[in-house]
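> Below is the file run.cif, which contains mmCIF, C-alpha atoms and all ligand atoms.
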```
data_target
#
loop_
_atom_site.label_atom_id
_atom_site.label_comp_id
_atom_site.auth_asym_id
_atom_site.auth_seq_id
_atom_site.Cartn_x
_atom_site.Cartn_y
_atom_site.Cartn_z
CA MET A 1061 -12.91 12.57 -9.17
CA THR A 1062 -9.71 14.61 -9.27
CA LYS A 1063 -7.65 14.14 -6.18
CA GLN A 1064 -6.42 17.18 -4.24
CA ARG A 1065 -2.77 17.40 -3.22
CA VAL A 1066 -1.92 17.86 0.45
CA LEU A 1067 1.55 18.91 1.58
CA ILE A 1068 2.54 17.47 4.97
CA PRO A 1069 5.73 18.89 6.49
CA GLY A 1070 6.86 16.44 9.19
CA GLY A 1071 4.81 13.62 7.69
CA ALA A 1072 7.49 10.96 8.28
CA GLY A 1073 7.29 11.15 12.09
CA TYR A 1074 5.10 9.22 14.52
CA ILE A 1075 1.91 11.22 14.21
CA GLY A 1076 2.62 12.41 10.67
CA SER A 1077 2.97 8.88 9.23
CA HIS A 1078 -0.46 7.93 10.60
CA ILE A 1079 -1.94 11.18 9.27
CA VAL A 1080 -0.48 10.52 5.82
CA LEU A 1081 -2.03 7.05 5.88
CA CYS A 1082 -5.49 8.28 6.93
CA VAL A 1083 -5.41 11.00 4.27
CA LEU A 1084 -4.46 8.46 1.58
CA LEU A 1085 -7.12 5.99 2.70
CA THR A 1086 -9.85 8.50 1.83
CA ARG A 1087 -8.74 8.15 -1.84
CA LYS A 1088 -9.65 11.83 -2.22
CA TYR A 1089 -6.15 13.21 -1.79
CA THR A 1090 -2.55 12.73 -2.91
CA VAL A 1091 0.24 13.48 -0.48
CA THR A 1092 3.65 15.13 -0.58
CA VAL A 1093 5.79 14.99 2.56
CA VAL A 1094 8.69 17.31 3.26
CA ASP A 1095 10.80 16.16 6.19
CA ASN A 1096 14.43 16.61 7.21
CA PHE A 1097 14.35 13.26 9.08
CA HIS A 1098 15.61 14.91 12.23
CA ASN A 1099 13.46 12.50 14.25
CA SER A 1100 12.20 9.97 11.68
CA PHE A 1101 13.18 7.64 8.83
CA PRO A 1102 12.18 7.52 5.14
CA GLU A 1103 11.22 3.88 5.71
CA SER A 1104 8.02 5.02 7.46
CA MET A 1105 6.82 6.50 4.16
CA THR A 1106 7.53 3.28 2.21
CA ARG A 1107 5.49 1.36 4.77
CA VAL A 1108 2.62 3.87 4.71
CA SER A 1109 2.37 3.45 0.94
CA GLN A 1110 2.39 -0.32 1.38
CA ILE A 1111 -0.46 -0.26 3.93
CA ALA A 1112 -2.46 2.14 1.76
CA ARG A 1113 -2.05 -0.20 -1.25
CA ASP A 1114 -2.92 -3.28 0.84
CA GLU A 1115 -6.14 -1.63 1.99
CA LEU A 1116 -7.38 -0.76 -1.50
CA PRO A 1117 -10.28 -2.86 -2.77
CA ALA A 1118 -9.37 -5.45 -5.44
CA ASP A 1119 -11.08 -3.43 -8.18
CA ALA A 1120 -9.30 -0.15 -7.38
CA SER A 1121 -8.29 1.95 -10.38
CA GLN A 1122 -4.70 2.47 -11.50
CA GLU A 1123 -5.08 6.11 -10.42
CA ASP A 1124 -5.97 4.97 -6.88
CA LYS A 1125 -3.00 2.59 -6.83
CA ASP A 1126 -0.60 5.29 -8.04
CA ALA A 1127 -1.96 7.72 -5.47
CA CYS A 1128 -0.77 5.43 -2.65
CA THR A 1129 2.80 6.45 -3.37
CA VAL A 1130 3.81 9.34 -1.16
CA ASP A 1131 6.04 11.95 -2.82
CA VAL A 1132 8.84 12.48 -0.31
CA VAL A 1133 11.13 15.51 -0.35
CA LYS A 1134 14.08 15.51 2.04
CA GLY A 1135 14.29 19.11 3.17
CA ASP A 1136 14.03 21.55 6.01
CA MET A 1137 10.87 23.57 6.35
CA ARG A 1138 12.89 26.54 7.57
CA ASP A 1139 14.31 26.75 4.05
CA ALA A 1140 12.02 28.99 1.98
CA LYS A 1141 13.72 27.89 -1.26
CA VAL A 1142 12.90 24.24 -0.61
CA LEU A 1143 9.26 25.05 0.13
CA ASP A 1144 8.95 27.47 -2.76
CA GLY A 1145 10.37 24.83 -5.13
CA ILE A 1146 7.77 22.29 -4.01
CA PHE A 1147 4.80 24.64 -4.49
CA ALA A 1148 6.15 25.89 -7.84
CA ASP A 1149 6.87 22.38 -9.22
CA TYR A 1150 3.40 21.03 -8.54
CA LYS A 1151 1.75 24.20 -9.86
CA GLN A 1152 3.74 23.85 -13.08
CA LYS A 1153 2.62 20.20 -13.43
CA GLY A 1154 -1.03 21.26 -13.10
CA ASP A 1155 -1.25 19.47 -9.73
CA ALA A 1156 -1.11 22.52 -7.43
CA ILE A 1157 -1.02 21.95 -3.70
CA TRP A 1158 -4.51 22.36 -2.29
CA SER A 1159 -3.77 22.47 1.43
CA VAL A 1160 -1.10 21.94 4.05
CA ILE A 1161 -1.09 19.91 7.27
CA LEU A 1162 1.81 21.25 9.33
CA VAL A 1163 3.07 18.48 11.62
CA ALA A 1164 6.85 19.19 11.69
CA ALA A 1165 8.15 20.49 15.00
CA LEU A 1166 10.58 19.85 17.80
CA LYS A 1167 8.51 18.44 20.64
CA ALA A 1168 10.41 17.57 23.81
CA VAL A 1169 9.27 19.72 26.72
CA GLY A 1170 12.49 19.33 28.79
CA GLU A 1171 14.81 19.92 25.84
CA SER A 1172 12.87 23.03 24.83
CA GLY A 1173 14.05 24.84 27.96
CA GLU A 1174 17.66 23.85 27.23
CA ILE A 1175 17.77 24.91 23.55
CA PRO A 1176 14.97 27.49 23.24
CA ILE A 1177 16.44 29.15 20.15
CA ASP A 1178 16.21 25.88 18.21
CA TYR A 1179 12.60 25.43 19.35
CA TYR A 1180 11.55 28.94 18.36
CA GLU A 1181 13.48 28.69 15.11
CA VAL A 1182 11.90 25.41 13.98
CA ASN A 1183 8.43 25.70 15.46
CA VAL A 1184 7.74 29.43 15.09
CA SER A 1185 10.15 30.69 12.44
CA GLY A 1186 9.54 27.54 10.37
CA LEU A 1187 5.81 28.23 10.52
CA ILE A 1188 6.30 31.83 9.37
CA THR A 1189 8.45 30.69 6.45
CA LEU A 1190 5.75 28.23 5.46
CA LEU A 1191 2.96 30.82 5.75
CA ARG A 1192 4.91 33.26 3.58
CA VAL A 1193 5.44 30.65 0.84
CA MET A 1194 1.80 29.54 1.05
CA GLN A 1195 0.66 33.15 0.68
CA THR A 1196 2.93 33.66 -2.34
CA HIS A 1197 1.46 30.58 -4.01
CA GLU A 1198 -2.12 31.40 -2.93
CA VAL A 1199 -2.47 28.19 -0.94
CA THR A 1200 -4.53 29.31 2.01
CA ARG A 1201 -5.82 26.17 3.72
CA LEU A 1202 -3.94 24.92 6.76
CA VAL A 1203 -4.38 22.27 9.44
CA TYR A 1204 -1.96 22.79 12.32
CA SER A 1205 -0.64 20.28 14.90
CA SER A 1206 -1.16 22.00 18.23
CA SER A 1207 -1.10 20.46 21.68
CA ALA A 1208 -3.04 20.30 24.93
CA THR A 1209 0.10 21.73 26.47
CA VAL A 1210 -1.14 25.21 25.38
CA TYR A 1211 -3.59 25.07 28.31
CA GLY A 1212 -0.81 24.99 30.94
CA ILE A 1213 -2.47 24.18 34.27
CA PRO A 1214 -6.16 24.37 33.37
CA LYS A 1215 -8.75 25.28 36.00
CA THR A 1216 -11.58 23.22 34.49
CA ILE A 1217 -11.47 19.48 33.79
CA PRO A 1218 -12.52 18.27 31.24
CA ILE A 1219 -10.83 21.09 29.34
CA PRO A 1220 -12.94 23.06 26.82
CA GLU A 1221 -11.29 25.00 23.98
CA SER A 1222 -12.39 28.27 25.59
CA THR A 1223 -9.82 27.72 28.39
CA PRO A 1224 -7.29 30.59 28.38
CA LEU A 1225 -4.00 29.58 26.76
CA ALA A 1226 -1.20 29.65 29.33
CA ALA A 1227 1.57 27.31 28.22
CA GLU A 1228 4.18 26.61 30.88
CA SER A 1229 7.18 25.48 28.79
CA VAL A 1230 9.15 26.88 25.87
CA TYR A 1231 7.75 24.08 23.72
CA GLY A 1232 4.21 24.92 24.82
CA ARG A 1233 4.76 28.59 24.10
CA THR A 1234 5.92 27.79 20.56
CA LYS A 1235 2.58 26.02 20.01
CA GLN A 1236 0.59 28.83 21.63
CA MET A 1237 2.43 31.50 19.60
CA SER A 1238 1.98 29.50 16.41
CA GLU A 1239 -1.78 29.32 16.97
CA LEU A 1240 -1.87 33.11 17.48
CA ILE A 1241 0.17 33.75 14.35
CA ILE A 1242 -2.12 31.54 12.26
CA LYS A 1243 -5.19 33.23 13.73
CA ASP A 1244 -3.77 36.69 12.93
CA VAL A 1245 -3.15 35.63 9.33
CA CYS A 1246 -6.72 34.34 9.06
CA ASP A 1247 -8.02 37.61 10.56
CA ALA A 1248 -6.04 39.67 8.05
CA TYR A 1249 -7.27 37.68 5.04
CA PRO A 1250 -10.78 36.47 5.91
CA LYS A 1251 -11.73 36.00 2.26
CA THR A 1252 -8.94 33.53 1.51
CA TRP A 1253 -7.41 31.89 4.58
CA ARG A 1254 -9.04 29.03 6.47
CA ALA A 1255 -7.14 27.21 9.20
CA ILE A 1256 -7.80 24.68 11.93
CA GLY A 1257 -5.57 24.05 14.94
CA LEU A 1258 -5.88 20.60 16.44
CA ARG A 1259 -4.87 20.38 20.10
CA TYR A 1260 -3.72 16.81 20.62
CA PHE A 1261 -4.00 15.19 24.01
CA ASN A 1262 -1.76 12.11 24.56
CA PRO A 1263 -1.43 10.04 21.37
CA ALA A 1264 -1.01 6.31 21.92
CA GLY A 1265 -0.69 3.07 19.94
CA ALA A 1266 -0.02 2.35 16.30
CA HIS A 1267 -1.70 1.23 13.10
CA PRO A 1268 -3.00 -2.34 13.62
CA SER A 1269 -0.66 -3.72 10.92
CA GLY A 1270 2.34 -3.09 13.20
CA LEU A 1271 4.19 -1.66 10.20
CA ILE A 1272 4.32 1.93 11.45
CA GLY A 1273 4.63 3.33 14.96
CA GLU A 1274 6.62 5.55 17.27
CA ASP A 1275 10.40 5.16 16.98
CA PRO A 1276 11.97 7.80 19.23
CA VAL A 1277 15.70 8.49 19.18
CA GLY A 1278 17.35 7.43 22.48
CA LYS A 1279 15.60 6.64 25.77
CA PRO A 1280 12.00 7.76 25.59
CA GLY A 1281 10.96 10.43 28.06
CA ASN A 1282 7.26 9.77 27.50
CA LEU A 1283 5.47 7.01 29.34
CA LEU A 1284 4.06 4.81 26.57
CA PRO A 1285 7.09 4.47 24.29
CA LEU A 1286 9.15 3.78 27.42
CA LEU A 1287 6.76 1.02 28.55
CA ALA A 1288 6.84 -0.49 25.05
CA GLN A 1289 10.65 -0.50 24.91
CA MET A 1290 10.98 -1.91 28.43
CA ALA A 1291 8.76 -4.78 27.40
CA VAL A 1292 11.18 -5.72 24.59
CA GLY A 1293 14.09 -5.66 27.02
CA LYS A 1294 15.45 -2.11 26.78
CA TYR A 1295 15.95 0.42 29.61
CA ARG A 1296 14.90 -2.08 32.30
CA ASP A 1297 17.61 -0.98 34.70
CA PRO A 1298 17.01 0.60 37.24
CA GLY A 1299 13.28 -0.05 36.70
CA LEU A 1300 10.37 2.18 35.90
CA ARG A 1301 10.02 5.42 37.80
CA VAL A 1302 6.49 6.55 38.53
CA PHE A 1303 6.59 10.29 39.06
CA GLY A 1304 4.35 10.86 42.08
CA ASP A 1305 1.43 9.01 43.64
CA ASP A 1306 0.19 11.83 45.82
CA TYR A 1307 -1.84 13.72 43.22
CA PRO A 1308 -5.54 14.46 43.83
CA THR A 1309 -6.59 11.67 41.42
CA PRO A 1310 -8.31 8.31 42.08
CA ASP A 1311 -5.05 6.31 42.48
CA GLY A 1312 -2.77 9.26 43.21
CA THR A 1313 -0.90 9.12 39.85
CA CYS A 1314 -1.35 11.64 37.03
CA VAL A 1315 -4.31 11.32 34.71
CA ARG A 1316 -4.00 11.92 30.97
CA ASP A 1317 -6.38 11.66 28.03
CA TYR A 1318 -4.72 8.96 25.89
CA ILE A 1319 -6.14 8.81 22.39
CA HIS A 1320 -5.47 6.11 19.80
CA ILE A 1321 -3.19 7.39 17.05
CA MET A 1322 -5.60 6.20 14.33
CA ASP A 1323 -8.42 8.20 15.93
CA LEU A 1324 -6.16 11.24 16.21
CA ALA A 1325 -4.93 10.92 12.63
CA GLY A 1326 -8.50 10.49 11.38
CA GLY A 1327 -9.35 13.86 12.94
CA HIS A 1328 -7.13 15.48 10.30
CA VAL A 1329 -9.35 14.16 7.54
CA ASN A 1330 -12.33 15.72 9.34
CA ALA A 1331 -10.39 18.99 9.53
CA LEU A 1332 -9.41 18.92 5.84
CA GLU A 1333 -13.05 18.49 4.92
CA ALA A 1334 -14.09 21.34 7.23
CA LEU A 1335 -11.63 23.70 5.49
CA ASP A 1336 -13.85 23.58 2.45
CA ASP A 1337 -17.03 24.42 4.32
CA ASP A 1338 -17.39 28.10 5.27
CA ALA A 1339 -20.35 27.29 7.50
CA LYS A 1340 -17.88 25.67 9.92
CA PHE A 1341 -16.32 29.09 10.54
CA LYS A 1342 -19.44 31.22 10.89
CA ASP A 1343 -19.20 31.71 14.67
CA THR A 1344 -15.53 32.64 15.02
CA PRO A 1345 -15.16 35.57 17.49
CA THR A 1346 -13.01 37.58 15.06
CA PRO A 1347 -13.48 38.03 11.29
CA GLY A 1348 -10.87 35.41 10.45
CA LYS A 1349 -11.64 31.79 9.72
CA TYR A 1350 -9.46 30.07 12.32
CA LYS A 1351 -10.77 27.49 14.74
CA ALA A 1352 -9.06 25.30 17.33
CA TYR A 1353 -10.34 21.91 18.44
CA ASN A 1354 -9.34 19.41 21.10
CA LEU A 1355 -8.55 15.93 19.84
CA GLY A 1356 -9.01 13.68 22.85
CA LYS A 1357 -11.20 10.85 24.03
CA GLY A 1358 -12.64 12.74 26.96
CA LYS A 1359 -11.64 9.93 29.31
CA GLY A 1360 -8.76 10.21 31.76
CA MET A 1361 -6.41 7.31 32.47
CA SER A 1362 -3.79 7.17 35.21
CA VAL A 1363 -0.14 6.16 34.99
CA LEU A 1364 -0.92 2.95 36.92
CA GLN A 1365 -3.78 2.10 34.55
CA MET A 1366 -1.42 2.49 31.58
CA ILE A 1367 1.19 0.25 33.21
CA ASP A 1368 -1.49 -2.33 33.87
CA ALA A 1369 -2.77 -2.23 30.28
CA MET A 1370 0.77 -2.71 28.90
CA ARG A 1371 1.46 -5.50 31.41
CA LYS A 1372 -1.61 -7.37 30.15
CA VAL A 1373 -0.58 -7.27 26.49
CA SER A 1374 3.19 -7.73 26.83
CA GLY A 1375 3.44 -10.02 29.86
CA TYR A 1376 6.24 -7.87 31.29
CA GLU A 1377 5.73 -7.14 34.99
CA TYR A 1378 7.12 -3.56 35.07
CA PRO A 1379 8.68 -3.45 38.50
CA TYR A 1380 8.42 0.22 39.44
CA LYS A 1381 9.35 2.69 42.15
CA VAL A 1382 7.33 5.71 43.04
CA GLU A 1383 9.54 8.78 42.95
CA GLY A 1384 8.94 12.48 43.49
CA ARG A 1385 6.77 14.47 41.12
CA ARG A 1386 8.28 15.41 37.75
CA LEU A 1387 8.73 19.16 37.28
CA GLY A 1388 5.91 20.61 35.17
CA ASP A 1389 3.47 17.67 35.52
CA VAL A 1390 -0.13 18.54 36.29
CA PRO A 1391 -2.58 16.17 38.00
CA ASP A 1392 -5.15 15.83 35.23
CA LEU A 1393 -5.29 16.73 31.53
CA THR A 1394 -8.54 15.39 30.16
CA ALA A 1395 -10.15 16.90 27.08
CA ASP A 1396 -13.66 18.02 26.52
CA PRO A 1397 -13.92 16.68 22.96
CA THR A 1398 -17.53 17.74 22.32
CA LEU A 1399 -16.74 20.68 20.03
CA ALA A 1400 -14.77 18.51 17.56
CA GLU A 1401 -17.51 15.88 17.76
CA LYS A 1402 -20.26 18.39 17.06
CA GLU A 1403 -18.57 20.54 14.43
CA LEU A 1404 -16.05 18.26 12.73
CA GLY A 1405 -17.88 14.94 13.09
CA PHE A 1406 -14.84 13.60 14.97
CA LYS A 1407 -15.26 10.64 17.32
CA ALA A 1408 -12.50 8.65 19.04
CA LYS A 1409 -13.64 5.05 18.86
CA TYR A 1410 -10.68 2.95 20.06
CA ASN A 1411 -10.30 2.06 23.76
CA LEU A 1412 -7.36 1.60 26.10
CA ASP A 1413 -6.95 -2.11 25.22
CA ASP A 1414 -6.72 -1.20 21.52
CA MET A 1415 -4.05 1.38 22.29
CA ALA A 1416 -1.99 -1.04 24.38
CA SER A 1417 -2.32 -4.00 22.00
CA SER A 1418 -1.50 -2.00 18.87
CA LEU A 1419 1.49 -0.40 20.60
CA TRP A 1420 2.72 -3.84 21.65
CA ASN A 1421 2.11 -5.23 18.15
CA TRP A 1422 4.30 -2.48 16.64
CA GLN A 1423 7.05 -2.73 19.27
CA SER A 1424 7.25 -6.53 19.31
CA LYS A 1425 7.40 -6.68 15.50
CA ASN A 1426 9.96 -3.85 15.37
CA PRO A 1427 11.94 -4.15 18.62
CA LYS A 1428 14.66 -1.92 17.20
CA GLY A 1429 12.40 0.44 15.29
CA TYR A 1430 12.54 1.18 11.57
CA THR A 1431 16.25 0.73 11.03
CA GLY A 1432 16.74 -2.37 13.18
CA GLN A 1433 19.60 -0.68 15.03
P1 LIG A 1501 7.94 13.43 15.53
O1 LIG A 1501 9.24 13.98 16.00
O2 LIG A 1501 7.81 11.97 15.41
O3 LIG A 1501 7.54 14.09 14.13
C1 LIG A 1501 7.95 15.39 13.76
C2 LIG A 1501 8.51 15.29 12.34
O4 LIG A 1501 8.94 16.58 11.94
C3 LIG A 1501 9.71 14.35 12.25
O5 LIG A 1501 9.58 13.50 11.14
C4 LIG A 1501 10.89 15.31 12.08
O6 LIG A 1501 11.95 14.71 11.37
C5 LIG A 1501 10.23 16.44 11.33
N1 LIG A 1501 10.92 17.72 11.44
C6 LIG A 1501 11.41 18.31 12.57
N2 LIG A 1501 11.97 19.48 12.25
C7 LIG A 1501 11.85 19.64 10.92
C8 LIG A 1501 12.24 20.66 10.01
N3 LIG A 1501 12.90 21.75 10.41
N4 LIG A 1501 11.94 20.49 8.70
C9 LIG A 1501 11.29 19.38 8.27
N5 LIG A 1501 10.90 18.40 9.09
C10 LIG A 1501 11.17 18.53 10.39
O7 LIG A 1501 6.83 14.01 16.51
P2 LIG A 1501 5.30 13.61 16.63
O8 LIG A 1501 5.10 13.03 17.97
O9 LIG A 1501 4.86 12.89 15.45
O10 LIG A 1501 4.65 15.06 16.67
C11 LIG A 1501 4.11 15.64 15.52
C12 LIG A 1501 3.47 16.98 15.85
O11 LIG A 1501 2.47 16.81 16.84
C13 LIG A 1501 4.43 18.03 16.39
O12 LIG A 1501 4.04 19.27 15.86
C14 LIG A 1501 4.18 17.99 17.87
O13 LIG A 1501 4.49 19.22 18.47
C15 LIG A 1501 2.69 17.70 17.91
N6 LIG A 1501 2.24 17.04 19.14
C16 LIG A 1501 2.78 15.85 19.52
C17 LIG A 1501 2.33 15.21 20.67
C18 LIG A 1501 2.92 13.91 21.13
O14 LIG A 1501 2.67 13.52 22.27
N7 LIG A 1501 3.65 13.18 20.32
C19 LIG A 1501 1.30 15.80 21.42
C20 LIG A 1501 0.77 17.01 21.00
C21 LIG A 1501 1.24 17.63 19.84
C1 LIG A 1502 2.51 10.89 31.12
C2 LIG A 1502 2.47 10.60 32.60
C3 LIG A 1502 4.37 11.40 33.85
C4 LIG A 1502 7.41 8.78 32.23
C5 LIG A 1502 3.88 15.13 27.07
C6 LIG A 1502 4.06 16.60 26.78
C7 LIG A 1502 2.87 17.15 26.07
C8 LIG A 1502 2.52 16.32 24.84
C9 LIG A 1502 2.47 14.86 25.16
C10 LIG A 1502 3.47 17.30 22.86
C11 LIG A 1502 2.95 11.78 33.45
C12 LIG A 1502 4.27 9.89 33.91
C13 LIG A 1502 6.20 9.40 32.47
C14 LIG A 1502 7.98 7.96 33.25
C15 LIG A 1502 6.09 8.43 34.65
N1 LIG A 1502 3.49 16.46 23.81
N2 LIG A 1502 5.55 9.22 33.67
N3 LIG A 1502 7.28 7.80 34.43
O1 LIG A 1502 3.82 14.74 30.17
O2 LIG A 1502 1.43 14.02 29.75
O3 LIG A 1502 2.74 14.96 27.91
O4 LIG A 1502 3.64 14.44 25.85
O5 LIG A 1502 2.73 18.23 22.68
O6 LIG A 1502 3.17 18.46 25.73
O7 LIG A 1502 4.25 17.28 28.00
O8 LIG A 1502 3.28 12.70 28.71
O9 LIG A 1502 4.10 10.42 28.52
O10 LIG A 1502 5.67 12.19 29.38
O11 LIG A 1502 3.79 11.44 30.80
O12 LIG A 1502 5.53 8.27 35.74
O13 LIG A 1502 9.08 7.39 33.10
O14 LIG A 1502 3.40 9.53 32.87
O15 LIG A 1502 4.75 11.91 35.09
O16 LIG A 1502 2.15 11.82 34.58
P1 LIG A 1502 2.82 14.15 29.26
P2 LIG A 1502 4.28 11.65 29.29
#
```
Starting from the file, give its structure as structure tokens.
Ligand code: NAD
Ligand code: WQD


Amino acid sequence: MTKQRVLIPGGAGYIGSHIVLCVLLTRKYTVTVVDNFHNSFPESMTRVSQIARDELPADASQEDKDACTVDVVKGDMRDAKVLDGIFADYKQKGDAIWSVILVAALKAVGESGEIPIDYYEVNVSGLITLLRVMQTHEVTRLVYSSSATVYGIPKTIPIPESTPLAAESVYGRTKQMSELIIKDVCDAYPKTWRAIGLRYFNPAGAHPSGLIGEDPVGKPGNLLPLLAQMAVGKYRDPGLRVFGDDYPTPDGTCVRDYIHIMDLAGGHVNALEALDDDAKFKDTPTPGKYKAYNLGKGKGMSVLQMIDAMRKVSGYEYPYKVEGRRLGDVPDLTADPTLAEKELGFKAKYNLDDMASSLWNWQSKNPKGYTGQ
């Protein structure tokens, strides 16, 4: 069977590297990544190829073995010439790009309010540049990395996709705007464009090999990478800060829908397959073939539960102090994942212990991340 080529801007990052791996493991696709390594390292791609090769059956064909190598282009997705060159080169080789999974973005909520122009330029302008080049090259299948943050402060928990989009941060608005732009393109060209937006809840953990994982630059602002790094001895002073224990939740701390990164990445394979099935788009409210799905487990877990799970696997006690609420936090963000389950065949199968143990496996094997520095 001829493999189809998928272009993954941002594929070297935390989520992207796991997506690249899951896409390769299907043995139906070949992958090209374009990344400027703003928040990632080329080493992640070498390791993804290694895992993909290790997981091939002994009798795999030479074509399957070759397909485990990721083509990596160092480049910025805001640069139309770079993108155009990639699409043109593969077309010329008779290996035209079949679809795109857009993962690249800037993603820190706090920072987005400080440097909004950069966020709009990368996340929104970068998307428009990509759409233009895709249109020129008649590549009209797109899977887009969206976020639960588009829901803002939702009224209904668990959160269905029909919840009005009301992002509260600059970052969230870049994701909300991007979804609207993609939907408008699909509406304008219903015969050609098909796109799926995947709204991620809180990704957690790493591939069980411990070869790839999250390697943020500087002190992590997010809970899980911080817990992992504290356990290997970093950022222990002045101790963990728990932002609020007076929320209307069972233990008073915020509840989030943590989903194992391998489950989340696997959802992209479901989405790629759906792009080729027009029946999946028959009930869209407008003529265009754009659909958005939650990728979550549908199970909320509190900050204290996460600390406890990481304590169990790492043995570190996590002395913590409860501090005031963090600006912008909402009590509960739990997905209703039934639409993705019903329509995409998506199902998150890993549990909290799997998330904690795989995160600890990655962090303990790579205490200083990919570069060892
Ligand atoms: P990440 O920073 O690890 O990955 C993003 C990748 O994009 C990095 O490799 C980075 O170098 C690359 N990149 C950034 N700007 C680029 C540019 N101009 N050109 C080319 N490459 C560029 O982040 P992640 O956590 O893997 O997030 C991936 C996607 O998922 C993002 O779109 C993010 O908004 C979305 N998302 C993340 C989370 C989360 O909690 N991590 C939750 C919801 C949605
Ligand atoms: C989880 C909980 C904190 C750190 C963010 C983005 C969201 C999405 C995922 C991209 C909260 C608490 C944290 C700490 C703490 N990203 N916490 N002490 O805020 O749910 O989601 O990442 O799309 O858009 O907002 O994740 O890991 O930062 O926080 O008590 O030192 O942990 O208050 O309740 P969040 P998080």

> One number please: CA of Asp1149 (chain A) to atom C12 of ligand LIG 1501 (chain A), in Å, one decimal.

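Taking CA of Asp1149 (chain A) as the start and atom C12 of ligand LIG 1501 (chain A) as the end point, the length is 25.9 Å.
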
> Mind checking which residues fall within 7 Å of region 1161-1170 of chain A, counting all atoms listed in the file, ignoring those fewer than 5 positions away in the same chain, and posting them as a PyMOL selection string?

chain A and resi 1067-1071+1076+1179+1182-1183+1202-1205+1229+1231

> Kindly provide the residues of chain A that approach ligand LIG 1502 (chain A) to within 6 Å, each paired with its closest atom pair and their distance in Å to one decimal, based on all atoms listed in the file, listed by chain and increasing number, as a Markdown table.


```
| residue | atom | partner | partner_atom | distance |
| --- | --- | --- | --- | --- |
| A:Lys1167 | CA | A:LIG1502 | C10 | 5.6 |
| A:Val1169 | CA | A:LIG1502 | O7 | 5.7 |
| A:Ser1207 | CA | A:LIG1502 | O5 | 4.5 |
| A:Thr1209 | CA | A:LIG1502 | O6 | 4.5 |
| A:Asn1262 | CA | A:LIG1502 | C9 | 5.1 |
| A:Gly1281 | CA | A:LIG1502 | C4 | 5.7 |
| A:Asn1282 | CA | A:LIG1502 | O9 | 3.4 |
| A:Leu1283 | CA | A:LIG1502 | O9 | 3.8 |
| A:Leu1284 | CA | A:LIG1502 | O9 | 5.9 |
| A:Arg1301 | CA | A:LIG1502 | N3 | 5.0 |
| A:Val1302 | CA | A:LIG1502 | O12 | 3.4 |
| A:Phe1303 | CA | A:LIG1502 | O12 | 4.0 |
| A:Cys1314 | CA | A:LIG1502 | O16 | 4.3 |
| A:Arg1316 | CA | A:LIG1502 | O2 | 5.9 |
| A:Val1363 | CA | A:LIG1502 | O14 | 5.3 |
| A:Arg1386 | CA | A:LIG1502 | O15 | 5.6 |
| A:Asp1389 | CA | A:LIG1502 | O15 | 5.9 |
```

> Please determine the residues with any atom at most 12 Å from (2.1, -8.9, 17.2) (coordinates as given in the file, with all atoms listed in the file counting) and report them as a ChimeraX atom specification.

/A:1266-1271,1373-1374,1416-1427

> Give me, as an NGL selection string, all polymer residues having an atom no more than 12 Å from Gln1110 (chain A), counting all atoms listed in the file and skipping those fewer than 5 positions away in the same chain.

:A and (1081 or 1084-1085 or 1103-1105 or 1115-1116 or 1125-1130 or 1269 or 1271-1272)

> For a quick check of understanding, using only C-alpha atoms and all ligand atoms, which of A:Gly1212, A:Pro1263, A:Gly1432, A:Pro1224 has the smallest distance to ligand LIG 1501 (chain A)?

A:Pro1263

> May I have the protein, DNA and RNA residues with any atom at most 12 Å from the point (-3.1, 3.7, 35.1), counting all atoms listed in the file, written as a list in words?

Leu1283, Leu1284, Val1302, Asp1305, Thr1309, Pro1310, Asp1311, Gly1312, Thr1313, Cys1314, Val1315, Arg1316, Asp1317, Tyr1318, Gly1360, Met1361, Ser1362, Val1363, Leu1364, Gln1365, Met1366, Ile1367, Asp1368, Ala1369, Met1370, Arg1371, Leu1412 and Ala1416 of chain A

> For ligand LIG 1501 (chain A), which residue among A:Glu1274, A:Glu1171, A:Asp1124, A:Asp1413 is the nearest when counting all atoms listed in the file?

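Comparing A:Glu1274, A:Glu1171, A:Asp1124, A:Asp1413 against ligand LIG 1501 (chain A), the winner is A:Glu1274.
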
> I'd like the box whose edges run along x, y and z of the file and which contains every listed atom of ligand LIG 1501 (chain A), padded by 6 Å per side; could you state its centre and edge lengths in Å, one decimal, as lines of an AutoDock Vina configuration file?


```
center_x = 6.8
center_y = 16.9
center_z = 15.3
size_x = 24.1
size_y = 21.8
size_z = 26.0
```

> Using all atoms listed in the file, which protein or nucleic acid residues come within 8 Å of region 1351-1354 of chain A? Drop anything in the same chain fewer than 3 positions from it, and give the result as a tab-separated table (two decimals) with C-alpha atoms, in the frame of the given file.


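The result, stored in part.tsv:
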```tsv
chain	number	residue	atom	x	y	z
A	1208	ALA	CA	-3.04	20.30	24.93
A	1220	PRO	CA	-12.94	23.06	26.82
A	1221	GLU	CA	-11.29	25.00	23.98
A	1255	ALA	CA	-7.14	27.21	9.20
A	1256	ILE	CA	-7.80	24.68	11.93
A	1257	GLY	CA	-5.57	24.05	14.94
A	1258	LEU	CA	-5.88	20.60	16.44
A	1259	ARG	CA	-4.87	20.38	20.10
A	1260	TYR	CA	-3.72	16.81	20.62
A	1261	PHE	CA	-4.00	15.19	24.01
A	1341	PHE	CA	-16.32	29.09	10.54
A	1344	THR	CA	-15.53	32.64	15.02
A	1395	ALA	CA	-10.15	16.90	27.08
A	1396	ASP	CA	-13.66	18.02	26.52
A	1397	PRO	CA	-13.92	16.68	22.96
A	1399	LEU	CA	-16.74	20.68	20.03
A	1400	ALA	CA	-14.77	18.51	17.56
```
